[in-house]
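Have a look at coords_6.pdb; it's PDB, C-alpha atoms:
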```
ATOM      1  CA  MET S   1      55.901 -63.777  65.905
ATOM      2  CA  THR S   2      57.761 -65.619  63.137
ATOM      3  CA  ASP S   3      58.044 -63.779  59.832
ATOM      4  CA  LEU S   4      57.107 -66.244  57.103
ATOM      5  CA  SER S   5      57.709 -63.888  54.196
ATOM      6  CA  ASP S   6      61.157 -65.276  53.352
ATOM      7  CA  THR S   7      59.911 -68.859  53.525
ATOM      8  CA  ASP S   8      57.009 -68.036  51.241
ATOM      9  CA  ALA S   9      59.388 -66.404  48.767
ATOM     10  CA  ARG S  10      61.636 -69.466  48.683
ATOM     11  CA  ILE S  11      58.672 -71.732  48.002
ATOM     12  CA  GLU S  12      57.443 -69.453  45.205
ATOM     13  CA  ARG S  13      60.916 -69.426  43.597
ATOM     14  CA  LEU S  14      60.971 -73.195  43.170
ATOM     15  CA  PRO S  15      58.633 -73.330  40.136
ATOM     16  CA  LEU S  16      60.594 -70.421  38.602
ATOM     17  CA  LEU S  17      63.897 -72.231  39.175
ATOM     18  CA  ASP S  18      62.496 -75.386  37.567
ATOM     19  CA  ALA S  19      61.291 -73.359  34.578
ATOM     20  CA  ILE S  20      64.695 -71.691  34.141
ATOM     21  CA  LEU S  21      66.476 -75.041  34.436
ATOM     22  CA  SER S  22      64.212 -76.615  31.838
ATOM     23  CA  ARG S  23      64.712 -73.720  29.409
ATOM     24  CA  LEU S  24      68.490 -73.618  29.824
ATOM     25  CA  ARG S  25      68.743 -77.391  29.345
ATOM     26  CA  ASP S  26      66.693 -77.131  26.157
ATOM     27  CA  MET S  27      68.904 -74.287  24.903
ATOM     28  CA  ILE S  28      71.989 -76.423  25.520
ATOM     29  CA  ILE S  29      70.423 -79.537  23.971
ATOM     30  CA  GLU S  30      69.231 -77.704  20.847
ATOM     31  CA  GLY S  31      72.562 -75.928  20.407
ATOM     32  CA  GLN S  32      71.314 -72.409  21.102
ATOM     33  CA  LEU S  33      74.045 -72.419  23.747
ATOM     34  CA  PRO S  34      76.792 -74.458  22.019
ATOM     35  CA  PRO S  35      79.611 -76.216  23.901
ATOM     36  CA  GLY S  36      82.225 -73.698  25.030
ATOM     37  CA  THR S  37      79.728 -70.824  25.225
ATOM     38  CA  ARG S  38      80.124 -68.510  28.208
ATOM     39  CA  LEU S  39      76.791 -67.996  29.962
ATOM     40  CA  ASN S  40      76.289 -64.229  30.131
ATOM     41  CA  GLU S  41      73.900 -63.815  33.043
ATOM     42  CA  GLY S  42      72.755 -60.359  31.996
ATOM     43  CA  GLN S  43      72.022 -61.347  28.404
ATOM     44  CA  ILE S  44      70.318 -64.639  29.291
ATOM     45  CA  GLY S  45      68.351 -62.965  32.081
ATOM     46  CA  LEU S  46      66.977 -60.422  29.619
ATOM     47  CA  GLN S  47      66.203 -63.131  27.080
ATOM     48  CA  LEU S  48      64.282 -65.240  29.606
ATOM     49  CA  GLY S  49      62.832 -62.296  31.515
ATOM     50  CA  VAL S  50      64.243 -63.386  34.885
ATOM     51  CA  SER S  51      66.486 -61.830  37.512
ATOM     52  CA  ARG S  52      70.059 -62.910  38.147
ATOM     53  CA  THR S  53      69.411 -64.619  41.498
ATOM     54  CA  PRO S  54      67.299 -67.579  40.249
ATOM     55  CA  LEU S  55      69.377 -67.665  37.064
ATOM     56  CA  ARG S  56      72.567 -68.117  39.090
ATOM     57  CA  GLU S  57      70.907 -70.882  41.108
ATOM     58  CA  ALA S  58      69.950 -72.629  37.875
ATOM     59  CA  ILE S  59      73.475 -72.317  36.469
ATOM     60  CA  LYS S  60      74.956 -73.789  39.656
ATOM     61  CA  TYR S  61      72.530 -76.698  39.391
ATOM     62  CA  LEU S  62      73.496 -77.289  35.759
ATOM     63  CA  ALA S  63      77.127 -77.322  36.885
ATOM     64  CA  SER S  64      76.300 -80.026  39.433
ATOM     65  CA  GLU S  65      74.730 -82.041  36.590
ATOM     66  CA  GLY S  66      77.856 -81.719  34.483
ATOM     67  CA  LEU S  67      76.272 -79.653  31.701
ATOM     68  CA  VAL S  68      78.086 -76.476  32.694
ATOM     69  CA  GLU S  69      81.605 -75.784  33.984
ATOM     70  CA  LEU S  70      82.415 -73.007  36.450
ATOM     71  CA  ILE S  71      85.806 -71.734  35.280
ATOM     72  CA  PRO S  72      87.843 -69.141  37.222
ATOM     73  CA  SER S  73      88.063 -65.805  35.369
ATOM     74  CA  ARG S  74      85.618 -67.044  32.695
ATOM     75  CA  GLY S  75      82.548 -67.832  34.750
ATOM     76  CA  ALA S  76      79.995 -70.443  33.668
ATOM     77  CA  VAL S  77      80.700 -72.169  30.355
ATOM     78  CA  VAL S  78      78.685 -74.860  28.557
ATOM     79  CA  LYS S  79      80.624 -78.107  28.948
ATOM     80  CA  GLN S  80      82.564 -79.291  25.916
ATOM     81  CA  PHE S  81      82.958 -83.072  25.918
ATOM     82  CA  GLY S  82      85.689 -84.656  23.845
ATOM     83  CA  ALA S  83      85.242 -87.787  21.755
ATOM     84  CA  ARG S  84      86.939 -90.074  24.265
ATOM     85  CA  GLU S  85      84.803 -88.793  27.163
ATOM     86  CA  VAL S  86      81.624 -89.361  25.174
ATOM     87  CA  ARG S  87      82.710 -92.809  24.057
ATOM     88  CA  ASP S  88      83.560 -93.800  27.629
ATOM     89  CA  MET S  89      80.250 -92.532  29.017
ATOM     90  CA  LEU S  90      78.228 -94.247  26.301
ATOM     91  CA  GLU S  91      80.103 -97.463  27.022
ATOM     92  CA  VAL S  92      79.093 -97.324  30.685
ATOM     93  CA  ILE S  93      75.502 -96.456  29.772
ATOM     94  CA  ARG S  94      75.452 -99.422  27.411
ATOM     95  CA  ILE S  95      76.563-101.802  30.164
ATOM     96  CA  LEU S  96      74.050-100.356  32.628
ATOM     97  CA  GLU S  97      71.129-100.532  30.203
ATOM     98  CA  GLN S  98      71.935-104.062  29.094
ATOM     99  CA  GLN S  99      72.014-105.234  32.696
ATOM    100  CA  ALA S 100      68.825-103.336  33.519
ATOM    101  CA  GLY S 101      67.102-104.857  30.489
ATOM    102  CA  ILE S 102      68.009-108.388  31.551
ATOM    103  CA  ILE S 103      66.669-107.775  35.057
ATOM    104  CA  ALA S 104      63.533-106.063  33.723
ATOM    105  CA  CYS S 105      62.646-109.027  31.510
ATOM    106  CA  ALA S 106      62.796-111.272  34.565
ATOM    107  CA  GLN S 107      61.030-109.205  37.182
ATOM    108  CA  ALA S 108      59.171-106.215  35.728
ATOM    109  CA  THR S 109      55.421-106.154  36.155
ATOM    110  CA  ASP S 110      53.139-106.199  33.131
ATOM    111  CA  ALA S 111      51.992-102.721  34.150
ATOM    112  CA  GLY S 112      55.571-101.474  34.214
ATOM    113  CA  ILE S 113      56.230-102.778  30.725
ATOM    114  CA  ALA S 114      52.945-101.322  29.521
ATOM    115  CA  GLY S 115      54.120 -97.963  30.843
ATOM    116  CA  VAL S 116      57.220 -98.158  28.659
ATOM    117  CA  ARG S 117      55.038 -99.095  25.677
ATOM    118  CA  ALA S 118      52.885 -96.007  26.327
ATOM    119  CA  LEU S 119      55.974 -93.787  26.277
ATOM    120  CA  HIS S 120      57.082 -95.458  23.051
ATOM    121  CA  ASP S 121      53.715 -94.871  21.355
ATOM    122  CA  ARG S 122      53.807 -91.197  22.362
ATOM    123  CA  MET S 123      57.342 -90.963  20.995
ATOM    124  CA  LEU S 124      56.171 -92.379  17.657
ATOM    125  CA  ASP S 125      53.455 -89.716  17.521
ATOM    126  CA  CYS S 126      56.131 -87.052  17.987
ATOM    127  CA  TYR S 127      58.211 -88.670  15.257
ATOM    128  CA  ALA S 128      55.241 -88.592  12.881
ATOM    129  CA  ARG S 129      54.842 -84.855  13.601
ATOM    130  CA  ARG S 130      58.627 -84.326  13.361
ATOM    131  CA  ASP S 131      58.521 -82.709  16.804
ATOM    132  CA  ARG S 132      62.157 -83.350  17.511
ATOM    133  CA  MET S 133      62.482 -81.981  21.045
ATOM    134  CA  ALA S 134      59.354 -83.760  22.313
ATOM    135  CA  TYR S 135      60.526 -86.924  20.575
ATOM    136  CA  TYR S 136      63.957 -86.646  22.176
ATOM    137  CA  LYS S 137      62.575 -86.175  25.691
ATOM    138  CA  LEU S 138      60.314 -89.213  25.355
ATOM    139  CA  ASN S 139      63.197 -91.193  23.872
ATOM    140  CA  GLN S 140      65.300 -90.476  26.938
ATOM    141  CA  ALA S 141      62.327 -91.199  29.216
ATOM    142  CA  ILE S 142      62.073 -94.671  27.665
ATOM    143  CA  HIS S 143      65.692 -95.457  28.460
ATOM    144  CA  THR S 144      65.182 -94.175  31.998
ATOM    145  CA  ALA S 145      62.003 -96.236  32.385
ATOM    146  CA  ILE S 146      63.693 -99.453  31.261
ATOM    147  CA  VAL S 147      66.461 -98.877  33.784
ATOM    148  CA  ALA S 148      63.848 -98.127  36.472
ATOM    149  CA  LEU S 149      62.209-101.523  35.822
ATOM    150  CA  ALA S 150      65.349-103.152  37.250
ATOM    151  CA  ALA S 151      64.467-101.570  40.628
ATOM    152  CA  ASN S 152      68.127-100.953  41.445
ATOM    153  CA  GLY S 153      68.596 -97.504  42.948
ATOM    154  CA  ALA S 154      72.369 -97.370  42.505
ATOM    155  CA  LEU S 155      72.108 -98.419  38.856
ATOM    156  CA  SER S 156      69.431 -95.798  38.191
ATOM    157  CA  GLU S 157      71.459 -93.082  39.937
ATOM    158  CA  VAL S 158      74.621 -93.644  37.888
ATOM    159  CA  HIS S 159      72.619 -93.995  34.667
ATOM    160  CA  ALA S 160      70.735 -90.738  35.311
ATOM    161  CA  ARG S 161      73.941 -88.818  36.007
ATOM    162  CA  LEU S 162      75.591 -89.946  32.773
ATOM    163  CA  GLN S 163      72.441 -89.537  30.708
ATOM    164  CA  THR S 164      72.139 -85.934  31.893
ATOM    165  CA  ARG S 165      75.685 -85.127  30.831
ATOM    166  CA  LEU S 166      75.038 -86.558  27.371
ATOM    167  CA  LYS S 167      71.796 -84.681  26.670
ATOM    168  CA  ARG S 168      73.227 -82.581  23.831
ATOM    169  CA  ILE S 169      75.203 -85.518  22.436
ATOM    170  CA  ARG S 170      72.169 -87.824  22.312
ATOM    171  CA  PHE S 171      70.110 -85.060  20.694
ATOM    172  CA  ILE S 172      72.517 -84.568  17.787
ATOM    173  CA  GLY S 173      72.525 -88.329  17.281
ATOM    174  CA  HIS S 174      69.079 -87.940  15.697
ATOM    175  CA  GLU S 175      70.116 -85.244  13.203
ATOM    176  CA  GLY S 176      69.236 -86.167   9.652
ATOM    177  CA  ALA S 177      66.313 -88.238   8.379
ATOM    178  CA  GLU S 178      68.317 -91.457   8.014
ATOM    179  CA  LYS S 179      69.805 -91.391  11.527
ATOM    180  CA  TRP S 180      66.429 -90.525  13.032
ATOM    181  CA  ALA S 181      64.624 -93.323  11.192
ATOM    182  CA  SER S 182      67.274 -95.835  12.258
ATOM    183  CA  ALA S 183      66.952 -94.816  15.906
ATOM    184  CA  VAL S 184      63.172 -95.226  15.733
ATOM    185  CA  ALA S 185      63.515 -98.701  14.201
ATOM    186  CA  GLU S 186      65.891 -99.720  16.988
ATOM    187  CA  HIS S 187      63.375 -98.540  19.577
ATOM    188  CA  GLU S 188      60.644-100.582  17.893
ATOM    189  CA  GLN S 189      62.812-103.689  18.265
ATOM    190  CA  MET S 190      63.643-102.763  21.837
ATOM    191  CA  ILE S 191      59.998-102.529  22.887
ATOM    192  CA  ALA S 192      59.112-105.795  21.130
ATOM    193  CA  ALA S 193      61.899-107.627  22.977
ATOM    194  CA  LEU S 194      60.858-106.120  26.318
ATOM    195  CA  GLU S 195      57.204-107.058  25.823
ATOM    196  CA  SER S 196      58.163-110.626  24.968
ATOM    197  CA  ARG S 197      60.558-110.668  27.955
ATOM    198  CA  ASP S 198      63.345-111.881  25.705
ATOM    199  CA  ALA S 199      66.330-110.872  27.863
ATOM    200  CA  ASP S 200      69.036-111.961  25.418
ATOM    201  CA  ARG S 201      67.350-110.194  22.525
ATOM    202  CA  LEU S 202      66.776-106.996  24.515
ATOM    203  CA  SER S 203      70.379-106.962  25.734
ATOM    204  CA  GLU S 204      71.641-107.384  22.171
ATOM    205  CA  ILE S 205      69.407-104.598  20.845
ATOM    206  CA  LEU S 206      70.362-102.189  23.636
ATOM    207  CA  GLY S 207      74.031-102.930  23.077
ATOM    208  CA  ARG S 208      73.739-102.298  19.341
ATOM    209  CA  HIS S 209      71.619 -99.195  19.919
ATOM    210  CA  LEU S 210      74.232 -97.602  22.177
ATOM    211  CA  THR S 211      77.079 -98.623  19.884
ATOM    212  CA  LEU S 212      75.286 -96.982  16.965
ATOM    213  CA  ALA S 213      74.598 -93.926  19.135
ATOM    214  CA  TRP S 214      78.374 -93.478  19.377
ATOM    215  CA  GLU S 215      78.860 -93.976  15.646
ATOM    216  CA  ARG S 216      76.209 -91.351  14.898
ATOM    217  CA  VAL S 217      77.967 -88.615  16.893
ATOM    218  CA  ARG S 218      81.695 -89.381  16.894
ATOM    219  CA  ASP S 219      82.504 -87.393  13.751
ATOM    220  CA  ASP S 220      80.932 -84.265  15.265
ATOM    221  CA  LEU S 221      83.068 -84.331  18.412
ATOM    222  CA  PRO S 222      86.489 -82.799  19.088
ATOM    223  CA  ALA S 223      89.310 -85.293  19.530
ATOM    224  CA  GLN S 224      89.994 -83.918  22.992
ATOM    225  CA  THR S 225      88.667 -81.318  25.375
TER     226      THR S 225
END
```
Would you give me this structure, written as structure tokens?
Amino acid sequence: MTDLSDTDARIERLPLLDAILSRLRDMIIEGQLPPGTRLNEGQIGLQLGVSRTPLREAIKYLASEGLVELIPSRGAVVKQFGAREVRDMLEVIRILEQQAGIIACAQATDAGIAGVRALHDRMLDCYARRDRMAYYKLNQAIHTAIVALAANGALSEVHARLQTRLKRIRFIGHEGAEKWASAVAEHEQMIAALESRDADRLSEILGRHLTLAWERVRDDLPAQT
């Protein structure tokens, strides 16, 4: 008779792994685990109340996402991106989002656009409450949703990979009341252009938004890794 106990255990570990991944990502995004920090499995395991096995799985997954580096003799370290790397990645994201926006204006369904509007309205609620992490996650979901409206799997895949690597960078781009308010205003313009299916206008706004995203963070980044 087949012993299903191991299979059952693997299935039960999946929600735990997801929870650990989500918490570690948030700790990296919020700066609780700053770039260059070595991930001490024992200390983090005690802090989160989890064993080392699922924690190691989560760290390996974060390494595959590019948020963590596995360095010989040092172990797992939070990835430190230099200014040029960030600039280059934001440049590619800008090109991808502009192209996705043009396609979305031409072919997205009204329901798809309404879905982006719903995310935007929820984001504004978070902004009004000054719930920065919830705001940030919805902000990133909006960018992902606009790209998804282009219905191009390869475009979405590359965009998602780069967006994941820049989670901490995009988060610090909202630090300070003035930067945050400017980002919100840009999103308001973005949604208006999408709803009116004004491809040229949306492309211009997305391009400016990503250019300003670089300007908001460049002074906080090391010149090189």
The PyMOL selection byres ((chain S and resi 172-176) around 10) on the file shown: which residues, as a compact mmCIF listing (two decimals) with C-alpha atoms, keeping the file's coordinate frame?
```
# COMPACT_ATOMS: atom_id res chain seq x y z
CA ILE S 29 70.42 -79.54 23.97
CA GLU S 30 69.23 -77.70 20.85
CA GLY S 31 72.56 -75.93 20.41
CA ARG S 132 62.16 -83.35 17.51
CA TYR S 135 60.53 -86.92 20.58
CA TYR S 136 63.96 -86.65 22.18
CA LYS S 167 71.80 -84.68 26.67
CA ARG S 168 73.23 -82.58 23.83
CA ILE S 169 75.20 -85.52 22.44
CA ARG S 170 72.17 -87.82 22.31
CA PHE S 171 70.11 -85.06 20.69
CA ALA S 177 66.31 -88.24 8.38
CA GLU S 178 68.32 -91.46 8.01
CA LYS S 179 69.81 -91.39 11.53
CA TRP S 180 66.43 -90.52 13.03
CA ALA S 181 64.62 -93.32 11.19
CA SER S 182 67.27 -95.84 12.26
CA ALA S 183 66.95 -94.82 15.91
CA VAL S 184 63.17 -95.23 15.73
CA LEU S 212 75.29 -96.98 16.96
CA ALA S 213 74.60 -93.93 19.14
CA TRP S 214 78.37 -93.48 19.38
CA GLU S 215 78.86 -93.98 15.65
CA ARG S 216 76.21 -91.35 14.90
CA VAL S 217 77.97 -88.62 16.89
CA ARG S 218 81.69 -89.38 16.89
CA ASP S 220 80.93 -84.26 15.26
```
Name all residues at most 10 Å from Thr144 of chain S (count only C-alpha atoms; drop same-chain ones fewer than 5 positions away) and give them as a compact mmCIF listing (two decimals) with C-alpha atoms, in the frame of the given file.
```
# COMPACT_ATOMS: atom_id res chain seq x y z
CA GLU S 97 71.13 -100.53 30.20
CA ALA S 100 68.82 -103.34 33.52
CA VAL S 116 57.22 -98.16 28.66
CA LEU S 138 60.31 -89.21 25.36
CA ASN S 139 63.20 -91.19 23.87
CA LEU S 149 62.21 -101.52 35.82
CA SER S 156 69.43 -95.80 38.19
CA HIS S 159 72.62 -94.00 34.67
CA ALA S 160 70.74 -90.74 35.31
CA GLN S 163 72.44 -89.54 30.71
```
(request) Take atom CA of Gly82 of chain S and atom CA of Leu24 of chain S and report the distance between them in Å, one decimal. (result)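 About the pair atom CA of Gly82 of chain S and atom CA of Leu24 of chain S: they are 21.3 Å apart.
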(message) Residues near Leu119 of chain S, anyone? I mean within 8 Å using all atoms listed in the file, not counting same-chain ones fewer than 2 positions away, as a list in words.
(response)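 Here the qualifying residues turn out to be Gly115, Val116, Arg117, Asp121, Arg122, Met123, Leu138, Ala141 and Ile142 of chain S.
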May I have the residues from that selection written out with C-alpha atoms, as a PDB file, in the coordinates of the input?
```
ATOM      1  CA  GLY S 115      54.120 -97.963  30.843  1.00  0.00           C
ATOM      2  CA  VAL S 116      57.220 -98.158  28.659  1.00  0.00           C
ATOM      3  CA  ARG S 117      55.038 -99.095  25.677  1.00  0.00           C
ATOM      4  CA  ASP S 121      53.715 -94.871  21.355  1.00  0.00           C
ATOM      5  CA  ARG S 122      53.807 -91.197  22.362  1.00  0.00           C
ATOM      6  CA  MET S 123      57.342 -90.963  20.995  1.00  0.00           C
ATOM      7  CA  LEU S 138      60.314 -89.213  25.355  1.00  0.00           C
ATOM      8  CA  ALA S 141      62.327 -91.199  29.216  1.00  0.00           C
ATOM      9  CA  ILE S 142      62.073 -94.671  27.665  1.00  0.00           C
TER      10      ILE S 142
END
```
(request) Would you work out the distance separating atom CA of Ala114 of chain S from atom CA of Ala145 of chain S, expressed in Å to one decimal? (result)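 Here the two named atoms are 10.8 Å from each other.
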(request) To one decimal in Å, tell me the separation between atom CA of Arg25 of chain S and atom CA of Thr211 of chain S. (result)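 So the answer is 24.7 Å.
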(request) Please write the residues picked by the PyMOL selection byres ((chain S and resi 98) around 8) on this file as a PyMOL selection string. (result) chain S and resi 94-97+99-102+202-204+206-207
Take the selection from the previous step and output its residues with C-alpha atoms, as a tab-separated table (two decimals), in the frame of the given file.
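Produced file part_34.tsv, reproduced below:
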```tsv
chain	number	residue	atom	x	y	z
S	94	ARG	CA	75.45	-99.42	27.41
S	95	ILE	CA	76.56	-101.80	30.16
S	96	LEU	CA	74.05	-100.36	32.63
S	97	GLU	CA	71.13	-100.53	30.20
S	99	GLN	CA	72.01	-105.23	32.70
S	100	ALA	CA	68.82	-103.34	33.52
S	101	GLY	CA	67.10	-104.86	30.49
S	102	ILE	CA	68.01	-108.39	31.55
S	202	LEU	CA	66.78	-107.00	24.52
S	203	SER	CA	70.38	-106.96	25.73
S	204	GLU	CA	71.64	-107.38	22.17
S	206	LEU	CA	70.36	-102.19	23.64
S	207	GLY	CA	74.03	-102.93	23.08
```
(request) Please evaluate the PyMOL selection byres ((chain S and resi 197) around 12) against the structure above and give the resulting residues as a PyMOL selection string. (result) chain S and resi 101-110+113+190-196+198-203
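Taking all atoms listed in the file into account, Gln80 of chain S lies nearest to S:Gly66 out of the set S:Ser22, S:Ala185, S:Arg56, S:Gly66.
Of the residues under consideration (S:Val50, S:Ile71, S:Ile59, S:Ala19), S:Ile71 shows the shortest atom-to-atom contact distance to Gly36 of chain S when counting all atoms listed in the file.
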(request) Can you work out which one of S:Leu33, S:Ile146, S:Leu39, S:Ala151 has the shortest atom-to-atom distance to Leu55 of chain S, counting only C-alpha atoms? (result) S:Leu39
(request) Rank S:Leu221, S:Ala76, S:Leu70, S:Leu17 by their smallest atom-to-atom distance to Ala58 of chain S, using only C-alpha atoms, and report the top residue only. (result)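 With only C-alpha atoms as the atom set, the closest residue is S:Leu17.
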(request) May I ask which of the residues S:Ile93, S:Lys137, S:Ile28, S:Ala148 is the closest one to His120 of chain S, counting only C-alpha atoms? (result) S:Lys137
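Minimum distance to Thr53 of chain S across S:Ala134, S:Leu16, S:Val68, S:Val77 (counting all atoms listed in the file) occurs at S:Leu16.
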